[in-house]
Amino acid sequence: MCSLCGILGCDDHWSSAVERPGVYSRNDSRLSRRREAARRLAIANKVLHTRRMKVEDFHNTSYVLRGATGATTVFDALAHLWPEAEALSGKPFDPLDPALLAALEERHP
Amino acid sequence: MSDRSPIPVNLLTGFLGSGKTTLLQRMLSDPSMAGAAVLINEFGEVGLDHELLDRIDDTVMLMKSGCLCCTVRGEVADSLSDLFSRRARGEIPAFDRVVIESTGLADPFPVLSTIRAHPVLRSHFTVGQVITTVDAVNAGAQIKARDEAVRQIGAADVIALTKTDLCAPTETSALRTRLERLNPAARVLIARDTAPGEMLSEDPSRWTQTAPEPALTETDDLAHDGKRGHHHHDKGLGVVSFSLVIEERIDWTAFGIWLTMLLNRHGDRIFRVKGILDVEGEDRPVAVHGVQHLVHPPVHLSRWPTNERYSRLVFILEGLDPEVIRRSFHVFNRLSNSAQVEA
């Protein structure tokens, strides 16, 4: 459990770093932390949607990832999202993949 | 420094015989390093480096087995934990810095990731400047032949050129230019002309550095995007230093997802990513810095280093097409457009 925010797990991802002097963080208040977490899931889901997958927050403590077939996996750190998504879908999630980029450009021009 | 501030850990790396220990000896004789603890890694059974180093006291610990790269990763963690415990118990002086001298064959990444990822160490230590020694006489051949040498140069914040007294000034100058192109984010210094304190000082202006304009006669490929930013290949290597210059403001959330995905899939081929970002909703720039799969906590800089306010990222990578990275970045940055979510 994180002793500062009282949540289980320890999602110390660099993009949501624990607030401390000099470090850029959007974890400076409960509201901004939750707003940022919601935006992160919304954007990640745009990418996951290309394979009919979806990630959801589970009680602010972990994440639930659902595959196209209904298979589900639970993990507790954002750093694990893409390895978990690759394992569940059975193929790499490559941001340089021309097919993925084309699909995203078509849906989000 | 207060007791609670994370203690910087400087990694001193460089290819075999490139003068790491000589440089370490010089550094330790400098008053600014009086409070430093040192961890030395020996390669093989005979600790030659250890014997050459004449300052060995209670805060020097010899790591027992060979290559840091994979087998000693646990020992790096154990050594640092032990050092910190002894400091906390008052058995050794309260050191304010740790220097780890790695073996010449080590990839710097596992040491850095150990400090960042270890659940205890990350609270007490922070990754400081990575110093890579480069032997001016043999560097050309080593860079061509050894992947480790390129990784060490790519991970460096400071490149210390050694043995420059054995080279013609023109050769040193050409090597310096080559290194600045291989790693535009690093400071390239002549080791014997540089005070150790200067070598360890953070230089915020480097965050803004983009790759210097390559001379056409020395590069075999050069591509411009018509605006600012370019990339070039080092002759005979698949290593590219590539500047991504972004005019539009950056969505932090989309950027985080993009870079995380990119490093998850291609971190072993991205030796370095470093730069400053003009983040949407922020007046001050945000500096990011990653080595392979590892990204350090982003730093909120106090001001823009120059009047030019735009984002620039320098990548040092191998076997990836910079144009695809550029396209990928812009595609992901647009994903934020309709991602407004009510909290």
# chains A, B, ... in the order shown; residues from 1 in each chain; ligands from 1

$ select_by_dssp --residues "region 16-93 of chain A" --states "alpha helix (DSSP H)" --output "list in words"
Arg30, Leu31, Ser32, Arg33, Arg34, Arg35, Glu36, Ala37, Ala38, Arg39, Arg40, Leu41, Ala42, Ile43, Ala44, Asn45, Lys46, Val47, Leu48, Leu81, Trp82, Pro83, Glu84, Ala85, Glu86, Ala87, Leu88 and Ser89 of chain A

$ closest_atom_pairs --of "chain A" --to "chain B" --cutoff "6 Å" --atoms "only C-alpha atoms" --output "Markdown table"
| residue | atom | partner | partner_atom | distance |
| --- | --- | --- | --- | --- |
| A:Trp14 | CA | B:Pro297 | CA | 5.0 |
| A:Ser15 | CA | B:Gly256 | CA | 5.4 |
| A:Gly22 | CA | B:His300 | CA | 5.5 |
| A:Val23 | CA | B:Val299 | CA | 4.5 |
| A:Tyr24 | CA | B:His300 | CA | 4.8 |
| A:Arg35 | CA | B:Ala343 | CA | 4.7 |
| A:Arg39 | CA | B:Val341 | CA | 5.8 |
| A:Arg40 | CA | B:Thr253 | CA | 5.8 |
| A:Ala42 | CA | B:Ala339 | CA | 5.9 |
| A:Pro95 | CA | B:Leu262 | CA | 5.9 |

$ write_last_selection --atoms "N, CA and C atoms" --output "PDB file, in the first residue's frame"
ATOM      1  N   TRP A  14       6.571   6.382 -14.649  1.00  0.00           N
ATOM      2  CA  TRP A  14       7.223   7.693 -14.773  1.00  0.00           C
ATOM      3  C   TRP A  14       6.241   8.793 -15.189  1.00  0.00           C
ATOM      4  N   SER A  15       5.208   8.436 -15.960  1.00  0.00           N
ATOM      5  CA  SER A  15       4.283   9.468 -16.437  1.00  0.00           C
ATOM      6  C   SER A  15       3.297   9.896 -15.347  1.00  0.00           C
ATOM      7  N   GLY A  22      10.844  19.172  -7.758  1.00  0.00           N
ATOM      8  CA  GLY A  22      11.578  19.082  -9.021  1.00  0.00           C
ATOM      9  C   GLY A  22      10.970  18.129 -10.026  1.00  0.00           C
ATOM     10  N   VAL A  23      10.138  17.200  -9.560  1.00  0.00           N
ATOM     11  CA  VAL A  23       9.576  16.196 -10.465  1.00  0.00           C
ATOM     12  C   VAL A  23       8.250  16.690 -11.032  1.00  0.00           C
ATOM     13  N   TYR A  24       8.065  16.514 -12.334  1.00  0.00           N
ATOM     14  CA  TYR A  24       6.793  16.894 -12.935  1.00  0.00           C
ATOM     15  C   TYR A  24       5.778  15.792 -12.651  1.00  0.00           C
ATOM     16  N   ARG A  35      -8.383  12.576 -12.397  1.00  0.00           N
ATOM     17  CA  ARG A  35      -8.651  13.087 -13.744  1.00  0.00           C
ATOM     18  C   ARG A  35      -7.618  12.542 -14.729  1.00  0.00           C
ATOM     19  N   ARG A  39      -8.143  10.064 -18.011  1.00  0.00           N
ATOM     20  CA  ARG A  39      -7.691  10.428 -19.367  1.00  0.00           C
ATOM     21  C   ARG A  39      -6.752   9.349 -19.913  1.00  0.00           C
ATOM     22  N   ARG A  40      -5.896   8.842 -19.033  1.00  0.00           N
ATOM     23  CA  ARG A  40      -4.922   7.836 -19.472  1.00  0.00           C
ATOM     24  C   ARG A  40      -5.650   6.594 -19.988  1.00  0.00           C
ATOM     25  N   ALA A  42      -8.706   6.517 -21.122  1.00  0.00           N
ATOM     26  CA  ALA A  42      -9.458   6.877 -22.338  1.00  0.00           C
ATOM     27  C   ALA A  42      -8.554   6.811 -23.566  1.00  0.00           C
ATOM     28  N   PRO A  95       3.832   0.638 -31.599  1.00  0.00           N
ATOM     29  CA  PRO A  95       3.393   1.974 -32.038  1.00  0.00           C
ATOM     30  C   PRO A  95       4.003   2.392 -33.375  1.00  0.00           C
TER      31      PRO A  95
END

$ closest_residue --among "B:Ile316, B:Ile276, B:Ile131, B:Leu166" --to "Val239 (chain B)" --atoms "only C-alpha atoms"
B:Ile316

$ atom_distance --atom1 "CA of Asp157 (chain B)" --atom2 "CA of Gln129 (chain B)"
5.6 Å

$ residues_around --residues "region 33-36 of chain B" --least-positions-apart "6" --cutoff "7 Å" --atoms "only C-alpha atoms" --output "ChimeraX atom specification"
/B:27,95-99

$ write_last_selection --atoms "C-alpha atoms" --output "PDB file, in the first residue's frame"
ATOM      1  CA  MET B  27      38.036  12.132  -9.320  1.00  0.00           C
ATOM      2  CA  PHE B  95      28.444   9.709   2.083  1.00  0.00           C
ATOM      3  CA  ASP B  96      26.668  12.149  -0.228  1.00  0.00           C
ATOM      4  CA  ARG B  97      27.336  10.374  -3.511  1.00  0.00           C
ATOM      5  CA  VAL B  98      28.048   6.883  -4.816  1.00  0.00           C
ATOM      6  CA  VAL B  99      30.221   6.148  -7.825  1.00  0.00           C
TER       7      VAL B  99
END

$ select_by_dssp --residues "chain A" --states "strand (DSSP E)" --output "list in words"
Lys54, Val55, Glu56, Asp57, Phe58, Ser62, Tyr63, Val64, Leu65, Arg66, Thr72, Thr73, Val74 and Phe75 of chain A

$ closest_residue --among "A:Thr69, A:Thr50, A:Ser62, A:Ser25" --to "Leu104 (chain A)" --atoms "only C-alpha atoms"
A:Thr50

$ closest_residue --among "B:Leu313, B:Leu39, B:Ala88, B:Ile7" --to "Val245 (chain B)" --atoms "only C-alpha atoms"
B:Leu313

$ residues_around --residues "Arg26 (chain A)" --least-positions-apart "3" --cutoff "10 Å" --atoms "only C-alpha atoms" --output "PyMOL selection string"
(chain A and resi 15-19+23+29-37) or (chain B and resi 252-253)

$ write_last_selection --atoms "N, CA and C atoms" --output "compact mmCIF listing (two decimals), in the first residue's frame"
# COMPACT_ATOMS: atom_id res chain seq x y z
N SER A 15 5.21 8.44 -15.96
CA SER A 15 4.28 9.47 -16.44
C SER A 15 3.30 9.90 -15.35
N SER A 16 3.26 9.14 -14.25
CA SER A 16 2.42 9.55 -13.12
C SER A 16 3.25 9.45 -11.85
N ALA A 17 4.42 10.09 -11.90
CA ALA A 17 5.38 9.97 -10.81
C ALA A 17 4.81 10.54 -9.52
N VAL A 18 5.29 10.00 -8.41
CA VAL A 18 4.90 10.53 -7.11
C VAL A 18 5.39 11.97 -7.01
N GLU A 19 4.54 12.84 -6.51
CA GLU A 19 4.91 14.25 -6.44
C GLU A 19 6.04 14.47 -5.44
N VAL A 23 10.14 17.20 -9.56
CA VAL A 23 9.58 16.20 -10.47
C VAL A 23 8.25 16.69 -11.03
N SER A 29 -2.92 16.41 -6.42
CA SER A 29 -4.13 16.38 -5.59
C SER A 29 -4.96 15.17 -5.99
N ARG A 30 -5.90 14.83 -5.13
CA ARG A 30 -6.72 13.65 -5.41
C ARG A 30 -7.49 13.83 -6.71
N LEU A 31 -7.99 15.06 -6.91
CA LEU A 31 -8.80 15.33 -8.11
C LEU A 31 -7.95 15.20 -9.38
N SER A 32 -6.78 15.85 -9.38
CA SER A 32 -5.97 15.80 -10.59
C SER A 32 -5.45 14.40 -10.84
N ARG A 33 -5.20 13.66 -9.77
CA ARG A 33 -4.73 12.28 -9.95
C ARG A 33 -5.81 11.43 -10.62
N ARG A 34 -7.04 11.61 -10.17
CA ARG A 34 -8.13 10.81 -10.74
C ARG A 34 -8.46 11.25 -12.16
N ARG A 35 -8.38 12.58 -12.40
CA ARG A 35 -8.65 13.09 -13.74
C ARG A 35 -7.62 12.54 -14.73
N GLU A 36 -6.36 12.58 -14.30
CA GLU A 36 -5.30 12.09 -15.17
C GLU A 36 -5.43 10.58 -15.42
N ALA A 37 -5.78 9.85 -14.38
CA ALA A 37 -5.95 8.39 -14.54
C ALA A 37 -7.07 8.09 -15.53
N TRP B 252 0.46 15.54 -22.39
CA TRP B 252 1.30 14.72 -21.51
C TRP B 252 0.80 13.28 -21.43
N THR B 253 -0.51 13.12 -21.33
CA THR B 253 -1.08 11.78 -21.16
C THR B 253 -0.81 10.92 -22.40

$ atom_distance --atom1 "CA of Ile250 (chain B)" --atom2 "CA of Val158 (chain B)"
28.2 Å

$ closest_residue --among "B:Arg181, B:Arg192, B:Arg284, B:Arg176" --to "Val314 (chain B)" --atoms "only C-alpha atoms"
B:Arg181

$ residues_around --residues "Ala174 (chain B)" --least-positions-apart "2" --cutoff "12 Å" --atoms "only C-alpha atoms" --output "PyMOL selection string"
chain B and resi 136-137+139-140+164+167-172+176-181+215+218
